[in-house]
Amino acid sequence: MSTDTPSADITSRPAGRAARERIYRYVLLLCASLSIFITLGIVVLLARDAVDFFTLVDPIEFFTGTEFLLARNEFGVLPLISGTLLVTVISALVALPTGVAAAVYLSEYASERRRSILKPALEILAGIPTVVYGIFALVYVTPFLRVFGLPLNTFNVLSASLMVGIMIIPMVSSLSEDAMSAVPDSLRQAGYGMGATKFEVSTSVVIPAAVSGIFSSFILALSRAIGETMIVAVAMGSRSRLINFSEPLQNLWQGNQPMTAAMVQINSADNVSGLGFKSMFAIGLTLFVITFLMNLASNRIAARYREEYN
């Protein structure tokens, strides 16, 4: 007679529990599908009205035109794109190094008690309404910079870009700190065992090992900067200009208009024509494509480096 006893089937579930698990799975699938359908719906609606716009305006004229003036039905998007990129670049110069430095301190230098205080305090910046940033840039930052002799107009690119940069610092620092904290301590100990200092371990071991997460935080933060509306609408003015490469500093002293602020202007205009209103959807679709390509590049680069360090 065999003395073997049958092993317990640990995968079996009572009928009621299995039914609940199926319900949970379908509910989660519904939520995931709903988010996809909402995104597709937004894209379809943008594309539908954008196509109507491009039946009336030559797409080549739209993407290569150098003037965007509703009053004269001139819809060149190049000045809006250049204004958007200008704000994004300046805000990146503020937020990326500051955010990474804050992440290094929180991850490698701060004690648990300091981290528990500083990280939530830093993330408070993300909870401030963006219109407050815009008013702060207009009322306080511009007069403060004028003290140093900068010839700033009332509405200018520099003040608005500085506020956009400050606004996205929490996104960079929080995501980068999470990526650095996930680096195995064995890599740090190996660096210390070779005689490296804490700073050398932080910059030569931890940051390279967490580069995929750090780079992803950069792209997400820049996407947020590109889509920012209220700060630039309040503090940058409503006159679109192409970037002047012959006098680069003049681009900072003067006002400008990115794509988001132009959409606000179109939507708030009382006498905007049907063609002008439809141009808002063409601008929105252009902005969507830019942010989508940035996020796609972020995912590809993050996946490549994640494979290297795992």
# chains A, B, ... in the order shown; residues from 1 in each chain; ligands from 1

$ residues_around --residues "Ser238 of chain A" --least-positions-apart "5" --cutoff "10 Å" --atoms "only C-alpha atoms" --output "PyMOL selection string"
chain A and resi 155+232-233+255-258+261-262+264-265

$ write_last_selection --atoms "N, CA and C atoms" --output "PDB file, in the first residue's frame"
ATOM      1  N   PHE A 155       5.011  92.180 -18.782  1.00  0.00           N
ATOM      2  CA  PHE A 155       4.819  90.776 -19.146  1.00  0.00           C
ATOM      3  C   PHE A 155       6.086  90.302 -19.837  1.00  0.00           C
ATOM      4  N   VAL A 232       1.707  81.116 -17.637  1.00  0.00           N
ATOM      5  CA  VAL A 232       2.104  81.831 -18.843  1.00  0.00           C
ATOM      6  C   VAL A 232       1.007  82.779 -19.312  1.00  0.00           C
ATOM      7  N   ALA A 233      -0.258  82.417 -19.102  1.00  0.00           N
ATOM      8  CA  ALA A 233      -1.352  83.299 -19.514  1.00  0.00           C
ATOM      9  C   ALA A 233      -1.364  84.575 -18.693  1.00  0.00           C
ATOM     10  N   GLY A 255       7.490  89.953 -23.619  1.00  0.00           N
ATOM     11  CA  GLY A 255       6.434  88.973 -23.462  1.00  0.00           C
ATOM     12  C   GLY A 255       6.392  88.031 -24.655  1.00  0.00           C
ATOM     13  N   ASN A 256       5.623  86.981 -24.521  1.00  0.00           N
ATOM     14  CA  ASN A 256       5.463  86.006 -25.595  1.00  0.00           C
ATOM     15  C   ASN A 256       4.178  85.236 -25.321  1.00  0.00           C
ATOM     16  N   GLN A 257       3.860  84.315 -26.192  1.00  0.00           N
ATOM     17  CA  GLN A 257       2.625  83.544 -26.030  1.00  0.00           C
ATOM     18  C   GLN A 257       2.850  82.106 -26.463  1.00  0.00           C
ATOM     19  N   PRO A 258       2.823  81.157 -25.534  1.00  0.00           N
ATOM     20  CA  PRO A 258       2.910  79.747 -25.912  1.00  0.00           C
ATOM     21  C   PRO A 258       1.566  79.223 -26.401  1.00  0.00           C
ATOM     22  N   ALA A 261      -1.474  79.373 -23.815  1.00  0.00           N
ATOM     23  CA  ALA A 261      -2.030  80.715 -23.610  1.00  0.00           C
ATOM     24  C   ALA A 261      -2.827  81.170 -24.830  1.00  0.00           C
ATOM     25  N   ALA A 262      -2.390  80.781 -26.029  1.00  0.00           N
ATOM     26  CA  ALA A 262      -3.154  81.128 -27.234  1.00  0.00           C
ATOM     27  C   ALA A 262      -4.520  80.463 -27.216  1.00  0.00           C
ATOM     28  N   VAL A 264      -6.244  79.695 -24.565  1.00  0.00           N
ATOM     29  CA  VAL A 264      -7.050  80.443 -23.594  1.00  0.00           C
ATOM     30  C   VAL A 264      -7.572  81.730 -24.212  1.00  0.00           C
ATOM     31  N   GLN A 265      -6.705  82.424 -24.954  1.00  0.00           N
ATOM     32  CA  GLN A 265      -7.117  83.674 -25.598  1.00  0.00           C
ATOM     33  C   GLN A 265      -8.238  83.432 -26.604  1.00  0.00           C
TER      34      GLN A 265
END

$ select_by_dssp --residues "segment 42-259 of chain A" --states "strand (DSSP E or B)" --output "ChimeraX atom specification"
/A:68-69,74-75

$ write_last_selection --atoms "C-alpha atoms" --output "PDB file, in the first residue's frame"
ATOM      1  CA  PHE A  68      -0.600  84.289 -35.208  1.00  0.00           C
ATOM      2  CA  LEU A  69      -3.190  87.078 -35.155  1.00  0.00           C
ATOM      3  CA  GLU A  74      -3.403  84.644 -39.511  1.00  0.00           C
ATOM      4  CA  PHE A  75      -2.833  81.251 -37.927  1.00  0.00           C
TER       5      PHE A  75
END

$ select_by_dssp --residues "segment 91-305 of chain A" --states "helix (DSSP H, G or I)" --output "ChimeraX atom specification"
/A:91-109,112-127,130-146,157-181,185-193,198-209,211-226,230-235,250-253,259-268,274-305

$ closest_residue --among "A:Glu108, A:Glu61, A:Glu228, A:Glu247" --to "Val206 of chain A" --atoms "only C-alpha atoms"
A:Glu108

$ decode --residues "segment 36-48 of chain A" --atoms "all heavy atoms" --output "compact mmCIF listing (two decimals), in the first residue's frame"
# COMPACT_ATOMS: atom_id res chain seq x y z
N ILE A 36 -8.57 54.38 -21.35
CA ILE A 36 -8.15 54.35 -22.76
C ILE A 36 -9.21 54.99 -23.65
O ILE A 36 -8.90 55.78 -24.54
CB ILE A 36 -7.87 52.90 -23.19
CG1 ILE A 36 -6.68 52.33 -22.40
CG2 ILE A 36 -7.60 52.83 -24.69
CD1 ILE A 36 -6.42 50.87 -22.67
N PHE A 37 -10.48 54.68 -23.40
CA PHE A 37 -11.56 55.23 -24.22
C PHE A 37 -11.65 56.75 -24.07
O PHE A 37 -11.92 57.46 -25.05
CB PHE A 37 -12.88 54.57 -23.86
CG PHE A 37 -13.00 53.15 -24.30
CD1 PHE A 37 -13.66 52.21 -23.52
CD2 PHE A 37 -12.44 52.74 -25.49
CE1 PHE A 37 -13.76 50.89 -23.92
CE2 PHE A 37 -12.53 51.42 -25.91
CZ PHE A 37 -13.18 50.49 -25.12
N ILE A 38 -11.44 57.25 -22.86
CA ILE A 38 -11.48 58.71 -22.65
C ILE A 38 -10.36 59.37 -23.45
O ILE A 38 -10.57 60.40 -24.11
CB ILE A 38 -11.37 59.03 -21.15
CG1 ILE A 38 -12.64 58.59 -20.42
CG2 ILE A 38 -11.13 60.53 -20.95
CD1 ILE A 38 -12.56 58.75 -18.91
N THR A 39 -9.16 58.79 -23.39
CA THR A 39 -8.04 59.35 -24.14
C THR A 39 -8.32 59.34 -25.64
O THR A 39 -8.10 60.34 -26.35
CB THR A 39 -6.76 58.57 -23.84
OG1 THR A 39 -6.50 58.59 -22.44
CG2 THR A 39 -5.57 59.17 -24.58
N LEU A 40 -8.82 58.21 -26.12
CA LEU A 40 -9.14 58.12 -27.55
C LEU A 40 -10.24 59.10 -27.93
O LEU A 40 -10.21 59.69 -29.02
CB LEU A 40 -9.56 56.69 -27.89
CG LEU A 40 -8.46 55.63 -27.84
CD1 LEU A 40 -9.04 54.24 -28.13
CD2 LEU A 40 -7.35 55.94 -28.83
N GLY A 41 -11.22 59.28 -27.04
CA GLY A 41 -12.30 60.22 -27.32
C GLY A 41 -11.79 61.64 -27.46
O GLY A 41 -12.20 62.39 -28.35
N ILE A 42 -10.86 62.03 -26.56
CA ILE A 42 -10.28 63.37 -26.64
C ILE A 42 -9.52 63.55 -27.94
O ILE A 42 -9.65 64.59 -28.63
CB ILE A 42 -9.35 63.61 -25.43
CG1 ILE A 42 -10.18 63.67 -24.13
CG2 ILE A 42 -8.56 64.90 -25.60
CD1 ILE A 42 -9.34 63.74 -22.88
N VAL A 43 -8.73 62.53 -28.31
CA VAL A 43 -7.95 62.63 -29.54
C VAL A 43 -8.88 62.72 -30.76
O VAL A 43 -8.65 63.52 -31.67
CB VAL A 43 -7.01 61.42 -29.67
CG1 VAL A 43 -6.30 61.43 -31.02
CG2 VAL A 43 -6.00 61.42 -28.54
N VAL A 44 -9.92 61.91 -30.78
CA VAL A 44 -10.85 61.92 -31.92
C VAL A 44 -11.54 63.28 -32.05
O VAL A 44 -11.66 63.82 -33.16
CB VAL A 44 -11.89 60.79 -31.77
CG1 VAL A 44 -13.02 60.95 -32.78
CG2 VAL A 44 -11.22 59.43 -31.94
N LEU A 45 -11.98 63.84 -30.93
CA LEU A 45 -12.65 65.15 -30.99
C LEU A 45 -11.69 66.24 -31.43
O LEU A 45 -12.07 67.13 -32.22
CB LEU A 45 -13.25 65.47 -29.61
CG LEU A 45 -14.43 64.60 -29.19
CD1 LEU A 45 -14.87 64.94 -27.77
CD2 LEU A 45 -15.60 64.75 -30.15
N LEU A 46 -10.46 66.20 -30.93
CA LEU A 46 -9.46 67.17 -31.37
C LEU A 46 -9.21 67.03 -32.87
O LEU A 46 -9.19 68.02 -33.61
CB LEU A 46 -8.15 66.97 -30.61
CG LEU A 46 -8.02 67.57 -29.22
CD1 LEU A 46 -6.69 67.17 -28.59
CD2 LEU A 46 -8.13 69.09 -29.27
N ALA A 47 -9.03 65.79 -33.31
CA ALA A 47 -8.72 65.56 -34.72
C ALA A 47 -9.88 65.96 -35.63
O ALA A 47 -9.66 66.51 -36.72
CB ALA A 47 -8.35 64.09 -34.94
N ARG A 48 -11.12 65.71 -35.18
CA ARG A 48 -12.28 66.03 -36.02
C ARG A 48 -12.34 67.52 -36.31
O ARG A 48 -12.47 67.94 -37.47
CB ARG A 48 -13.56 65.56 -35.33
CG ARG A 48 -14.82 65.77 -36.15
CD ARG A 48 -16.05 65.57 -35.30
NE ARG A 48 -16.15 66.60 -34.25
CZ ARG A 48 -17.10 66.65 -33.33
NH1 ARG A 48 -18.03 65.71 -33.30
NH2 ARG A 48 -17.13 67.62 -32.43
